[in-house]
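Notes to accompany the following structure.
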Amino acid sequence: MQKKIARDLLSIGAVFFRPDEPFTWASGIKSPVYCDNRLTLSAPAVRNDVETGLATLVKENYPDAEALFGTSTAGIAHAAITAQLLGLPMGYVRGGAKDHGRQNRIEGKLEKGEKVVVVEDLISTGGSVIEVVDALREEGAEVLGIVSIFTYGMRRGLDRLAEAKVKNVSLTNFDVVAKVAAEEGFIRESDVKRLIAFRDNPSDESWIKGGKE
């Protein structure tokens, strides 16, 4: 499944590698990869692979799940479609509470003690998805874990998830996508090592010059 989803994402440009002309993140970090999993929603065949894959991850890893909650905004559609496939309720968690009406942060019905799974599109440093987990826990949910389409596998993200005591299972990951990208000719085989160097230490930009100063 990991390689299949990797090929899907690469085929529609949802994960796009540019090691020789890196992108710049909002944080200022230069990155060899651009990831936009929202594009999966516009590609029916890929969307089907992603949603059936997420449903499979939920069934295999969280068989006791009683509801799915998407992250705002990228995880909402994926949570809705996956919940439909599984016949489960769904909702989503806002980035912040509304300043009007009932001032909800959690949209959708959530019962105290309900066993829920968070649906996210991608995980890098883990900060935003952990905020969602914390919000659900504060409202009394039992968060079984997270399912996501793609994860970078960055040390900071892994450490944060461990600290929050929450499990994440992804359809594919940075290492697999990089390997498939080389196999399919999207990047050179020699670029894979540079990409992994970025993943291991995003603040060290020596990978941009092929690891040579």
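Please note that chains go A, B, ... in the order of the structure tokens, that every chain numbers its residues from 1, and that ligands are numbered from 1 in the order shown.
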
Item to complete: Run DSSP on the backbone and give me the residues of range 79-198 of chain A it puts in strand (DSSP E), as a ChimeraX atom specification.
Response: /A:90-93,106-107,115-123,142-151,168-173

Based on the selection just made, write C-alpha atoms of those residues as a PDB file, in the first residue's frame.
ATOM      1  CA  MET A  90     -17.685  12.082  11.867  1.00  0.00           C
ATOM      2  CA  GLY A  91     -16.903  15.596  12.897  1.00  0.00           C
ATOM      3  CA  TYR A  92     -13.990  17.983  12.793  1.00  0.00           C
ATOM      4  CA  VAL A  93     -11.948  20.202  15.035  1.00  0.00           C
ATOM      5  CA  ILE A 106     -15.438  20.749  17.893  1.00  0.00           C
ATOM      6  CA  GLU A 107     -18.092  20.396  15.212  1.00  0.00           C
ATOM      7  CA  LYS A 115     -13.522   6.290  21.121  1.00  0.00           C
ATOM      8  CA  VAL A 116     -12.373   8.464  18.233  1.00  0.00           C
ATOM      9  CA  VAL A 117      -9.699   8.478  15.535  1.00  0.00           C
ATOM     10  CA  VAL A 118      -8.224  11.690  14.153  1.00  0.00           C
ATOM     11  CA  VAL A 119      -7.871  11.947  10.358  1.00  0.00           C
ATOM     12  CA  GLU A 120      -5.014  14.154   9.079  1.00  0.00           C
ATOM     13  CA  ASP A 121      -3.631  14.684   5.581  1.00  0.00           C
ATOM     14  CA  LEU A 122       0.061  15.019   6.466  1.00  0.00           C
ATOM     15  CA  ILE A 123       2.285  15.201   9.521  1.00  0.00           C
ATOM     16  CA  GLU A 142     -10.815   8.730  24.172  1.00  0.00           C
ATOM     17  CA  VAL A 143      -8.459   9.324  21.260  1.00  0.00           C
ATOM     18  CA  LEU A 144      -7.383   5.924  19.968  1.00  0.00           C
ATOM     19  CA  GLY A 145      -4.905   7.430  17.526  1.00  0.00           C
ATOM     20  CA  ILE A 146      -4.360   9.137  14.192  1.00  0.00           C
ATOM     21  CA  VAL A 147      -4.526   8.026  10.576  1.00  0.00           C
ATOM     22  CA  SER A 148      -2.848  10.179   7.935  1.00  0.00           C
ATOM     23  CA  ILE A 149      -2.022  10.090   4.264  1.00  0.00           C
ATOM     24  CA  PHE A 150       1.629  11.099   4.480  1.00  0.00           C
ATOM     25  CA  THR A 151       4.203  11.624   7.211  1.00  0.00           C
ATOM     26  CA  ASN A 168      -0.082   7.674  14.124  1.00  0.00           C
ATOM     27  CA  VAL A 169      -0.415   5.301  11.179  1.00  0.00           C
ATOM     28  CA  SER A 170       0.194   6.694   7.681  1.00  0.00           C
ATOM     29  CA  LEU A 171      -0.621   5.377   4.223  1.00  0.00           C
ATOM     30  CA  THR A 172       2.889   6.285   3.088  1.00  0.00           C
ATOM     31  CA  ASN A 173       5.901   8.254   4.258  1.00  0.00           C
TER      32      ASN A 173
END

Contact table range 103-176 of chain A vs range 26-33 of chain A, cut-off 12 Å, shortest pair per residue, only C-alpha atoms, as a tab-separated table:
residue	atom	partner	partner_atom	distance
A:Ser124	CA	A:Val33	CA	11.7
A:Thr125	CA	A:Ser27	CA	11.8
A:Tyr152	CA	A:Val33	CA	10.1
A:Phe174	CA	A:Val33	CA	9.3
A:Asp175	CA	A:Val33	CA	11.9

Discussion item. To test your reading of the structure, identify every residue in range 92-165 of chain A that backbone DSSP assigns to alpha helix (DSSP H), and report it as a PyMOL selection string.
Written reply: chain A and resi 127-138+155-163

Deliver the residues from the most recent selection as a file, using C-alpha atoms, as a PDB file, in the first residue's frame.
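Result file is part18.pdb:
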ATOM      1  CA  GLY A 127       2.142  20.366  16.302  1.00  0.00           C
ATOM      2  CA  SER A 128      -1.232  20.961  14.650  1.00  0.00           C
ATOM      3  CA  VAL A 129      -2.512  17.386  14.884  1.00  0.00           C
ATOM      4  CA  ILE A 130      -1.542  17.172  18.558  1.00  0.00           C
ATOM      5  CA  GLU A 131      -3.577  20.340  19.215  1.00  0.00           C
ATOM      6  CA  VAL A 132      -6.557  18.497  17.728  1.00  0.00           C
ATOM      7  CA  VAL A 133      -5.895  15.449  19.906  1.00  0.00           C
ATOM      8  CA  ASP A 134      -5.663  17.687  22.988  1.00  0.00           C
ATOM      9  CA  ALA A 135      -8.931  19.467  22.120  1.00  0.00           C
ATOM     10  CA  LEU A 136     -10.769  16.164  21.780  1.00  0.00           C
ATOM     11  CA  ARG A 137      -9.331  14.838  25.029  1.00  0.00           C
ATOM     12  CA  GLU A 138     -10.351  18.033  26.830  1.00  0.00           C
ATOM     13  CA  ARG A 155      12.404  13.426  14.646  1.00  0.00           C
ATOM     14  CA  ARG A 156      10.604  16.434  16.129  1.00  0.00           C
ATOM     15  CA  GLY A 157       7.256  15.081  14.961  1.00  0.00           C
ATOM     16  CA  LEU A 158       7.942  11.575  16.238  1.00  0.00           C
ATOM     17  CA  ASP A 159       9.048  12.938  19.621  1.00  0.00           C
ATOM     18  CA  ARG A 160       5.942  15.112  19.937  1.00  0.00           C
ATOM     19  CA  LEU A 161       3.621  12.222  19.146  1.00  0.00           C
ATOM     20  CA  ALA A 162       5.401  10.051  21.700  1.00  0.00           C
ATOM     21  CA  GLU A 163       5.200  12.795  24.322  1.00  0.00           C
TER      22      GLU A 163
END

Worksheet item: Between CA of Arg38 in chain A and CA of Gln2 in chain A, what is the distance, to one decimal in Å?
Response: 18.2 Å

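Proximity ranking of A:Ala80, A:Phe23, A:Lys165, A:Ile196 relative to Lys179 in chain A places A:Ile196 first, based on only C-alpha atoms.
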
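If you look at CA of Pro89 in chain A and CA of Glu66 in chain A, they are 7.2 Å away from each other.
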
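Residue nearest Ala43 in chain A within the list A:Gly153, A:Gly75, A:Gly126, A:Gly13: A:Gly13 [criterion: smallest interatomic distance, only C-alpha atoms].
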